[in-house]
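Have a look at upload_22.txt below; it lists compact mmCIF, C-alpha atoms and all ligand atoms.
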```
# COMPACT_ATOMS: atom_id res chain seq x y z
CA MET A 1 -34.07 -9.56 -5.99
CA ASN A 2 -31.97 -12.34 -7.55
CA LYS A 3 -28.88 -13.81 -5.89
CA ASN A 4 -26.38 -11.72 -7.87
CA GLU A 5 -28.24 -8.48 -7.08
CA ALA A 6 -28.33 -9.47 -3.42
CA ILE A 7 -24.59 -10.13 -3.32
CA ASP A 8 -23.86 -6.84 -5.14
CA TYR A 9 -25.97 -5.10 -2.49
CA CYS A 10 -23.88 -6.80 0.22
CA ILE A 11 -20.63 -5.74 -1.49
CA ASN A 12 -21.85 -2.12 -1.42
CA LEU A 13 -22.64 -2.52 2.29
CA ALA A 14 -19.13 -3.90 2.87
CA LYS A 15 -17.63 -0.80 1.22
CA ASN A 16 -18.92 1.31 4.13
CA ALA A 17 -15.88 0.14 6.09
CA ILE A 18 -13.37 0.85 3.34
CA GLU A 19 -11.56 3.63 5.22
CA ASN A 20 -11.62 1.66 8.50
CA ASP A 21 -8.56 -0.24 9.66
CA ILE A 22 -9.96 -3.79 9.79
CA ARG A 23 -6.90 -5.70 8.56
CA PRO A 24 -6.31 -8.67 8.59
CA ASN A 25 -10.08 -9.19 8.33
CA PRO A 26 -11.91 -8.88 4.99
CA PHE A 27 -14.59 -6.29 4.17
CA VAL A 28 -17.91 -8.12 4.46
CA GLY A 29 -21.54 -7.07 4.02
CA ALA A 30 -24.62 -9.14 4.90
CA MET A 31 -28.31 -8.85 4.19
CA ILE A 32 -31.38 -10.80 5.35
CA VAL A 33 -34.56 -11.00 3.28
CA ASN A 34 -37.86 -12.52 4.35
CA GLN A 35 -40.11 -14.82 2.32
CA ALA A 36 -41.75 -11.80 0.68
CA ASP A 37 -38.31 -10.76 -0.56
CA GLN A 38 -38.22 -7.73 1.73
CA VAL A 39 -34.94 -6.65 3.27
CA ILE A 40 -35.32 -6.99 7.05
CA GLY A 41 -31.71 -6.71 8.18
CA THR A 42 -28.37 -5.40 6.91
CA GLY A 43 -24.89 -5.10 8.36
CA PHE A 44 -21.22 -4.78 7.58
CA HIS A 45 -18.02 -5.64 9.43
CA GLN A 46 -17.07 -2.28 10.91
CA LYS A 47 -13.94 -2.72 12.97
CA LEU A 48 -11.25 -5.21 13.86
CA GLY A 49 -12.38 -7.21 16.87
CA GLY A 50 -15.97 -6.02 16.38
CA PRO A 51 -18.99 -8.14 15.44
CA HIS A 52 -19.15 -9.72 12.00
CA ALA A 53 -21.54 -8.38 9.35
CA GLU A 54 -23.99 -11.25 9.89
CA VAL A 55 -24.42 -10.33 13.57
CA TYR A 56 -25.60 -6.80 12.74
CA ALA A 57 -27.95 -8.12 10.06
CA ILE A 58 -29.46 -10.76 12.38
CA GLU A 59 -29.87 -8.29 15.27
CA GLN A 60 -31.69 -5.87 12.97
CA ALA A 61 -33.91 -8.62 11.54
CA LEU A 62 -34.82 -9.89 15.02
CA GLN A 63 -36.28 -6.48 15.80
CA LYS A 64 -38.79 -7.09 13.00
CA THR A 65 -39.52 -10.78 13.54
CA THR A 66 -38.59 -13.48 16.02
CA ASP A 67 -38.81 -16.25 13.43
CA LEU A 68 -35.99 -16.24 10.90
CA SER A 69 -36.43 -19.88 9.88
CA GLN A 70 -37.80 -18.95 6.43
CA ALA A 71 -35.48 -15.96 5.88
CA THR A 72 -32.43 -15.96 3.62
CA ILE A 73 -29.07 -14.42 4.51
CA TYR A 74 -26.71 -13.18 1.80
CA VAL A 75 -23.04 -12.53 2.60
CA SER A 76 -20.51 -10.92 0.25
CA TYR A 77 -17.52 -12.92 1.57
CA SER A 78 -16.71 -15.07 -1.46
CA LYS A 79 -17.42 -12.79 -4.28
CA ALA A 80 -15.82 -9.49 -3.29
CA THR A 81 -12.37 -10.36 -4.66
CA LEU A 82 -11.36 -6.85 -5.77
CA LEU A 83 -12.63 -5.22 -2.58
CA ASN A 84 -10.77 -7.83 -0.54
CA ALA A 85 -7.69 -8.07 -2.74
CA CYS A 86 -5.44 -7.46 0.28
CA PHE A 87 -7.13 -10.20 2.33
CA PHE A 88 -6.89 -12.74 -0.50
CA THR A 89 -3.25 -11.83 -1.25
CA ASN A 90 -2.34 -12.25 2.44
CA HIS A 91 -4.03 -15.64 2.64
CA LEU A 92 -3.35 -17.19 -0.74
CA LYS A 93 0.11 -15.75 -1.49
CA LYS A 94 1.30 -15.51 2.12
CA ARG A 95 2.70 -12.04 1.57
CA PRO A 96 1.73 -8.41 2.22
CA TYR A 97 -0.32 -6.51 -0.35
CA PHE A 98 1.94 -3.93 -1.99
CA ILE A 99 0.75 -0.60 -3.37
CA LEU A 100 3.14 1.56 -5.42
CA LYS A 101 2.80 5.33 -5.29
CA LEU A 102 4.59 7.52 -7.80
CA ALA A 103 4.51 11.18 -8.77
CA SER A 104 5.85 12.01 -12.20
CA THR A 105 5.91 14.64 -14.90
CA ILE A 106 4.01 13.94 -18.12
CA ASP A 107 7.20 12.50 -19.59
CA GLY A 108 7.30 9.93 -16.76
CA LYS A 109 10.16 11.39 -14.71
CA ILE A 110 10.11 10.99 -10.94
CA ALA A 111 13.23 13.05 -10.17
CA ASP A 112 15.59 15.28 -12.13
CA HIS A 113 19.08 14.20 -13.16
CA ALA A 114 20.42 15.45 -9.80
CA LYS A 115 17.86 13.16 -8.06
CA LYS A 116 15.72 16.06 -6.83
CA SER A 117 12.03 15.17 -6.67
CA GLN A 118 10.55 17.75 -4.32
CA TRP A 119 8.11 18.69 -5.54
CA ILE A 120 6.62 17.20 -8.67
CA SER A 121 2.96 16.79 -7.66
CA ASN A 122 0.86 19.62 -6.25
CA VAL A 123 -0.09 20.31 -2.61
CA ALA A 124 -3.54 18.71 -2.95
CA SER A 125 -2.11 15.50 -4.43
CA ARG A 126 0.41 15.26 -1.61
CA GLN A 127 -2.37 15.74 0.93
CA TYR A 128 -4.31 12.96 -0.81
CA VAL A 129 -1.33 10.66 -0.21
CA HIS A 130 -1.42 11.45 3.51
CA ASP A 131 -5.20 11.18 3.91
CA HIS A 132 -5.98 8.18 1.73
CA LEU A 133 -2.78 6.18 1.16
CA ARG A 134 -0.39 6.52 4.11
CA ASN A 135 -3.35 6.61 6.48
CA ASN A 136 -4.69 3.33 5.17
CA VAL A 137 -1.70 0.96 5.30
CA ASP A 138 0.32 -0.82 7.97
CA ALA A 139 3.71 0.54 6.84
CA ILE A 140 5.53 2.54 4.18
CA LEU A 141 8.30 0.73 2.30
CA THR A 142 11.28 2.59 0.90
CA THR A 143 15.05 2.35 0.44
CA TYR A 144 17.92 3.90 2.36
CA LYS A 145 18.72 5.84 -0.84
CA THR A 146 15.35 7.57 -0.97
CA VAL A 147 15.41 8.22 2.80
CA ILE A 148 18.75 10.00 2.49
CA GLN A 149 18.09 11.76 -0.80
CA ASP A 150 14.64 13.07 0.17
CA GLN A 151 15.37 13.68 3.88
CA ALA A 152 12.05 11.90 4.33
CA SER A 153 10.20 11.58 7.64
CA LEU A 154 7.31 9.59 6.09
CA THR A 155 4.80 10.68 8.73
CA ILE A 156 1.10 11.29 8.14
CA ARG A 157 0.21 14.97 8.16
CA ASN A 158 -3.35 16.27 8.19
CA THR A 159 -4.50 19.58 6.69
CA VAL A 160 -3.90 21.54 9.89
CA GLY A 161 -0.35 20.23 10.19
CA GLU A 162 -0.92 17.62 12.93
CA ILE A 163 1.46 14.69 12.62
CA ARG A 164 0.75 10.98 13.08
CA GLU A 165 3.43 8.33 13.22
CA THR A 166 3.54 5.41 10.84
CA ASN A 167 5.72 2.32 10.56
CA VAL A 168 8.48 2.45 7.97
CA ILE A 169 10.26 -0.48 6.33
CA ILE A 170 13.59 0.44 4.78
CA ILE A 171 15.70 -1.76 2.53
CA ASP A 172 19.24 -1.16 3.74
CA LYS A 173 21.48 -4.08 2.82
CA ASN A 174 24.61 -2.77 4.54
CA LEU A 175 22.89 -0.91 7.39
CA GLU A 176 24.11 2.45 6.11
CA LEU A 177 21.40 4.31 8.04
CA VAL A 178 22.55 3.19 11.47
CA GLU A 179 25.90 4.87 10.96
CA LYS A 180 26.38 7.89 13.19
CA LYS A 181 26.46 10.39 10.33
CA TYR A 182 22.79 9.65 9.58
CA GLU A 183 21.43 9.76 13.13
CA ASN A 184 19.86 13.19 12.57
CA LEU A 185 17.88 12.20 9.49
CA PRO A 186 14.19 13.20 9.81
CA ILE A 187 13.18 9.52 9.65
CA PHE A 188 14.68 9.08 13.14
CA TYR A 189 12.24 11.45 14.87
CA PRO A 190 11.29 10.25 18.39
CA ARG A 191 8.73 7.46 17.94
CA SER A 192 6.27 6.32 20.58
CA ALA A 193 3.80 4.32 18.50
CA SER A 194 5.67 3.16 15.42
CA LYS A 195 8.71 1.21 14.31
CA ILE A 196 11.46 1.33 11.73
CA ILE A 197 12.17 -2.07 10.21
CA LEU A 198 15.48 -2.37 8.39
CA ILE A 199 15.71 -5.18 5.85
CA THR A 200 19.37 -6.06 5.73
CA ALA A 201 21.99 -8.69 4.97
CA LYS A 202 24.08 -7.66 7.98
CA THR A 203 23.92 -8.14 11.72
CA PRO A 204 24.06 -4.77 13.51
CA SER A 205 27.30 -4.27 15.42
CA ILE A 206 25.70 -1.80 17.83
CA GLN A 207 22.68 -1.96 20.11
CA LEU A 208 19.75 -0.39 18.23
CA PRO A 209 16.98 1.62 19.94
CA GLU A 210 13.86 -0.33 20.90
CA ASN A 211 11.85 1.05 17.98
CA ILE A 212 14.35 -0.02 15.29
CA LYS A 213 14.30 -3.69 14.31
CA CYS A 214 16.31 -5.59 11.71
CA ILE A 215 15.11 -8.47 9.62
CA THR A 216 17.46 -10.46 7.47
CA GLY A 217 16.77 -10.70 3.77
CA LEU A 218 18.45 -12.48 0.89
CA PHE A 219 20.01 -10.18 -1.69
CA ASP A 220 21.33 -10.95 -5.16
CA GLU A 221 23.06 -8.58 -7.61
CA GLN A 222 19.70 -6.85 -8.27
CA GLY A 223 18.95 -6.36 -4.59
CA LEU A 224 16.45 -7.77 -2.14
CA LEU A 225 14.62 -10.98 -3.01
CA PHE A 226 11.19 -10.25 -1.60
CA SER A 227 10.31 -13.91 -1.21
CA SER A 228 12.91 -14.07 1.57
CA VAL A 229 11.07 -11.56 3.80
CA SER A 230 7.42 -11.60 2.68
CA GLU A 231 6.13 -14.12 5.18
CA THR A 232 8.07 -12.52 8.04
CA LEU A 233 6.55 -9.12 7.24
CA LEU A 234 3.09 -10.67 7.25
CA GLU A 235 3.71 -12.38 10.58
CA MET A 236 4.80 -9.00 12.00
CA GLY A 237 1.37 -7.58 11.08
CA TYR A 238 2.30 -5.69 7.91
CA TYR A 239 -0.65 -6.76 5.77
CA LYS A 240 -0.82 -3.75 3.46
CA ILE A 241 2.27 -1.78 2.53
CA LEU A 242 2.67 1.44 0.53
CA THR A 243 5.90 1.69 -1.47
CA GLU A 244 7.29 5.20 -1.86
CA ALA A 245 10.67 4.74 -3.48
CA GLY A 246 12.67 5.38 -6.60
CA SER A 247 12.94 3.82 -9.99
CA GLN A 248 15.04 0.82 -9.01
CA LEU A 249 12.78 -0.51 -6.28
CA ASN A 250 9.61 0.10 -8.29
CA SER A 251 11.07 -1.81 -11.25
CA SER A 252 12.26 -4.62 -9.06
CA MET A 253 8.86 -5.07 -7.41
CA ILE A 254 7.15 -5.23 -10.79
CA HIS A 255 9.79 -7.71 -11.96
CA GLN A 256 9.36 -9.88 -8.86
CA ASN A 257 5.60 -9.94 -9.38
CA ILE A 258 4.68 -8.47 -6.04
CA ALA A 259 3.31 -5.03 -6.93
CA ASP A 260 -0.48 -5.20 -6.64
CA GLU A 261 -1.69 -1.64 -7.23
CA LEU A 262 -0.33 1.63 -8.59
CA TYR A 263 -1.31 5.19 -7.70
CA TRP A 264 0.28 7.44 -10.32
CA PHE A 265 0.08 11.20 -9.82
CA ILE A 266 0.85 13.01 -13.08
CA ALA A 267 1.82 16.67 -12.86
CA PRO A 268 1.17 18.98 -15.82
CA ALA A 269 4.87 19.45 -16.56
CA ILE A 270 7.50 18.13 -18.96
CA LEU A 271 11.08 17.74 -17.73
CA ASN A 272 12.47 16.96 -21.18
CA ASP A 273 15.73 15.39 -19.94
CA LEU A 274 16.66 11.89 -21.05
CA ASN A 275 18.85 11.51 -17.97
CA ALA A 276 16.16 12.42 -15.48
CA LEU A 277 14.93 9.47 -13.38
CA PRO A 278 12.17 7.41 -15.05
CA MET A 279 9.34 5.72 -13.12
CA PHE A 280 10.47 2.23 -14.07
CA GLY A 281 13.11 0.52 -16.18
CA LEU A 282 15.29 -2.55 -15.95
CA ASN A 283 18.61 -2.52 -17.74
CA GLU A 284 17.70 -5.32 -20.15
CA PHE A 285 15.84 -5.82 -23.40
CA ARG A 286 12.15 -6.44 -22.81
CA GLY A 287 9.96 -7.15 -25.81
CA LEU A 288 6.29 -6.27 -25.94
CA ASP A 289 5.46 -9.86 -25.06
CA LYS A 290 6.96 -9.16 -21.61
CA LYS A 291 4.87 -6.07 -20.87
CA VAL A 292 3.04 -6.07 -17.54
CA GLN A 293 -0.66 -5.44 -17.93
CA LEU A 294 -2.64 -3.07 -15.69
CA SER A 295 -6.39 -2.45 -15.26
CA LEU A 296 -7.66 1.03 -14.59
CA ILE A 297 -9.61 1.32 -11.33
CA GLU A 298 -10.16 5.07 -11.10
CA ILE A 299 -9.19 8.45 -12.55
CA LYS A 300 -9.24 11.62 -10.47
CA VAL A 301 -8.31 15.19 -11.29
CA ILE A 302 -6.66 16.82 -8.28
CA ASP A 303 -6.32 20.51 -9.06
CA GLN A 304 -4.19 20.29 -12.21
CA ASP A 305 -2.69 16.86 -11.43
CA VAL A 306 -4.22 13.65 -12.73
CA LEU A 307 -4.31 10.57 -10.51
CA LEU A 308 -4.50 7.21 -12.27
CA HIS A 309 -5.21 4.27 -9.99
CA TYR A 310 -4.47 0.82 -11.41
CA ARG A 311 -4.55 -2.82 -10.43
CA ILE A 312 -1.37 -4.53 -11.60
CA HIS A 313 -1.80 -7.98 -13.09
CA GLN A 314 0.57 -10.61 -11.82
CA VAL A 315 2.36 -12.52 -14.58
N1 LIG A 401 8.54 11.13 -7.53
C1 LIG A 401 8.36 10.09 -6.74
O1 LIG A 401 7.26 9.52 -6.65
C2 LIG A 401 9.50 9.58 -5.92
C3 LIG A 401 9.24 8.75 -4.82
C4 LIG A 401 10.32 8.28 -4.07
C5 LIG A 401 11.61 8.59 -4.47
N2 LIG A 401 11.80 9.38 -5.55
C6 LIG A 401 13.17 9.72 -5.97
O2 LIG A 401 13.80 8.54 -6.38
C7 LIG A 401 15.20 8.72 -6.25
C8 LIG A 401 15.84 7.46 -5.79
O3 LIG A 401 15.58 6.51 -6.77
P1 LIG A 401 16.63 5.38 -7.14
O4 LIG A 401 16.05 4.62 -8.28
O5 LIG A 401 17.96 5.98 -7.25
O6 LIG A 401 16.66 4.52 -5.80
P2 LIG A 401 15.62 3.58 -5.03
O7 LIG A 401 14.82 2.76 -5.98
O8 LIG A 401 14.87 4.37 -4.00
O9 LIG A 401 16.66 2.67 -4.26
C9 LIG A 401 17.46 1.79 -5.00
C10 LIG A 401 18.46 1.14 -4.09
O10 LIG A 401 17.79 0.33 -3.16
C11 LIG A 401 18.57 -0.83 -2.89
N3 LIG A 401 17.79 -2.05 -3.16
C12 LIG A 401 17.75 -3.12 -2.36
N4 LIG A 401 16.97 -4.06 -2.85
C13 LIG A 401 16.51 -3.61 -4.01
C14 LIG A 401 15.68 -4.19 -4.98
N5 LIG A 401 15.13 -5.40 -4.86
N6 LIG A 401 15.42 -3.45 -6.06
C15 LIG A 401 15.92 -2.21 -6.19
N7 LIG A 401 16.73 -1.62 -5.31
C16 LIG A 401 17.01 -2.34 -4.21
C17 LIG A 401 19.79 -0.77 -3.78
O11 LIG A 401 20.83 -0.21 -3.00
P3 LIG A 401 22.28 -0.90 -2.92
O12 LIG A 401 22.59 -1.34 -4.31
O13 LIG A 401 23.18 0.16 -2.43
O14 LIG A 401 22.12 -2.01 -1.94
C18 LIG A 401 19.39 0.22 -4.85
O15 LIG A 401 20.48 0.93 -5.34
C19 LIG A 401 15.41 9.88 -5.30
O16 LIG A 401 15.92 10.94 -6.04
C20 LIG A 401 14.02 10.25 -4.86
O17 LIG A 401 13.89 11.64 -4.77
C21 LIG A 401 10.80 9.87 -6.29
```
Using structure tokens, write down the structure from this file.
Amino acid sequence: MNKNEAIDYCINLAKNAIENDIRPNPFVGAMIVNQADQVIGTGFHQKLGGPHAEVYAIEQALQKTTDLSQATIYVSYSKATLLNACFFTNHLKKRPYFILKLASTIDGKIADHAKKSQWISNVASRQYVHDHLRNNVDAILTTYKTVIQDQASLTIRNTVGEIRETNVIIIDKNLELVEKKYENLPIFYPRSASKIILITAKTPSIQLPENIKCITGLFDEQGLLFSSVSETLLEMGYYKILTEAGSQLNSSMIHQNIADELYWFIAPAILNDLNALPMFGLNEFRGLDKKVQLSLIEIKVIDQDVLLHYRIHQV
């Protein structure tokens, strides 16, 4: 086995933890081979606070031999950049890793002209979002507009209807949501294990419940400047964030170069209305030289919907 094959093997071992919540640690696999090039120990980092991959590999190898002085250990840590994209983004860019999720018709509309978006994707696609996206991030990011329009609770629901709480970060420049008229919105269900973080330009004039926190962001005429809150969000433990919002926020995140991945659920339907809400779109001329490039990671067919999963290249 050459070095590259060995590291690829380790990367595959590391993937065993992919659905485990190990953030902020990276996914790591390790393998030990003896002088005869036989694999005598393997391991992967399984859980936050648990032993590192190398420990499992060494423990396994020691059951076969007490002398590891001539053995070689391979560890995936430096090469698995795609697998550990979140880890590297957190460390090198000092910001959370942002994943956009959108459901659209074939003509790229995420809501009709009256801003109704429930439902565009099918039941199985929506369950996929709960099981694989919401369940695998530290918080969901949205805007006060989407929270009001969609009457969203943004919980995680499993197939038998059980509900799990999740943290929600809401951009709400003027703290509209803490006004009394919105206190019965589904997002304000009683929380015991999660928080609502409001990103705002205002100081609240009333005492907020323990599970609602405000952080101050800088806003310009286009809205929130993410650079003003990114490091704070990271320090609060929000390493990986799923954005479920409308056209304006999606566009802005692409424009500000902070959208890292896209999950795009395409329903087999055509809305055929120029005024329906598009997935993206700034109100300015953008030539082809300004297009943002994506790389396809995976395609899935979910009943009749198609899911396209992309990595978004930073400009
Ligand atoms: N199909 C889907 O996947 C999906 C998912 C979620 C939502 N939706 C639909 O999307 C619709 C809402 O979309 P929308 O485009 O009107 O609103 P949006 O993108 O959810 O929210 C836009 C608002 O957020 C605030 N904002 C603050 N910082 C911003 C920034 N940096 N960039 C952009 N906005 C920022 C602004 O409010 P202020 O100017 O007032 O401060 C802005 O008007 C709803 O109808 C909802 O149903 C569809």
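Of the listed residues A:Asn12, A:Ser125, A:Asn136, A:Asn174, the one whose atoms come nearest to ligand LIG 401 (chain A) is A:Asn174, with distances taken using all atoms listed in the file.
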Practice prompt. Report as a VMD selection string which protein, DNA and RNA residues come within 8 Å of ligand LIG 401 (chain A), using all atoms listed in the file.
Written response: chain A and resid 101 to 104 109 to 112 114 to 121 142 to 147 149 to 150 171 to 174 219 221 to 226 244 to 253 277 279
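For the atom pair formed by CA of Gly29 (chain A) and CA of His52 (chain A), the distance is 8.7 Å, given to one decimal.
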Worksheet item: Rounded to one decimal in Å, what is the spacing between CA of Tyr9 (chain A) and CA of Val129 (chain A)?
Response: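 Between these atoms lies a distance of 29.3 Å.
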Discussion item. Set the distance at 8 Å and use all atoms listed in the file: which residues neighbour region 78-82 of chain A once local chain neighbours fewer than 6 positions away are removed? I'd like the list as a VMD selection string.
Written reply: chain A and resid 7 11 88
Response to the item:
A straight line from CA of Ile40 (chain A) to CA of Asp8 (chain A) spans 16.7 Å
Item to complete: Write out as JSON, numbers by chain the residues lying within 12 Å of Glu179 (chain A), counting only C-alpha atoms and excluding same-chain residues fewer than 4 positions away.
Response: {"A": [144, 172, 174, 175, 183, 184, 185, 204, 205, 206, 207, 208]}
Worksheet entry | 6 Å contact set for Arg95 (chain A), only C-alpha atoms, chain neighbours under 6 positions out, as a list in words |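 Returned residues: Ser230, Glu231 and Leu234 of chain A.
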Discussion item. From the options A:Cys86, A:Ile215, A:Ala267, A:Ile187, which residue's atoms come nearest to Leu308 (chain A), counting only C-alpha atoms?
Written reply: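 Closest residue, counting only C-alpha atoms: A:Ala267.
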Practice prompt. Compute the distance from (8.7, 14.6, -21.3) to each atom, counting all atoms listed in the file, keep the residues with any atom at most 10 Å away, and return them as number ranges by chain; use the coordinates of the file.
Written response: A: 104-109, 269-274, 276
Item to complete: Would you kindly return, as a ChimeraX atom specification, each protein, DNA or RNA residue with an atom no farther than 12 Å from any atom of Val39 (chain A), considering only C-alpha atoms and excluding same-chain residues fewer than 2 positions away?
Response: /A:1,6,9-10,30-37,41-43,57-58,60-61,64-65,71-74
Worksheet entry | Closest of A:Arg23, A:His132, A:His313, A:Lys47 to Leu294 (chain A) - atom-to-atom distances counting all atoms listed in the file |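 Nearest candidate to Leu294 (chain A) out of A:Arg23, A:His132, A:His313, A:Lys47: A:His313.
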For Gly217 (chain A), work out the shell of residues within 7 Å, counting all atoms listed in the file and skipping chain neighbours fewer than 6 positions away, then give it as an mmCIF file with C-alpha atoms, in the coordinates of the input.
```cif
data_model
loop_
_atom_site.group_PDB
_atom_site.id
_atom_site.type_symbol
_atom_site.label_atom_id
_atom_site.label_comp_id
_atom_site.auth_asym_id
_atom_site.auth_seq_id
_atom_site.Cartn_x
_atom_site.Cartn_y
_atom_site.Cartn_z
ATOM 1 C CA ILE A 199 15.710 -5.180 5.850
ATOM 2 C CA THR A 200 19.370 -6.060 5.730
ATOM 3 C CA ALA A 201 21.990 -8.690 4.970
ATOM 4 C CA LEU A 224 16.450 -7.770 -2.140
ATOM 5 C CA SER A 228 12.910 -14.070 1.570
ATOM 6 C CA VAL A 229 11.070 -11.560 3.800
#
```
Item to complete: Take the point (1.7, -7.0, -3.5) as written in the file and pick out every residue within 6 Å of it, counting all atoms listed in the file; give the list as a ChimeraX atom specification.
Response: /A:96-98,258-260
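Proximity ranking of A:Ile140, A:Ile254, A:Ile266, A:Ile156 relative to Asp305 (chain A) places A:Ile266 first, based on all atoms listed in the file.
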Worksheet item: Which of these, A:Tyr182, A:Tyr128, A:Phe87, A:Phe280, has the shortest distance to Pro24 (chain A) once you count all atoms listed in the file?
Response: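 Smallest separation from Pro24 (chain A) among the options: A:Phe87.
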Fill in: Distance criterion (all atoms listed in the file): nearest to His45 (chain A) out of A:Asp21, A:Asp303, A:Glu210, A:Glu284
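Selected residue with least distance to His45 (chain A): A:Asp21.
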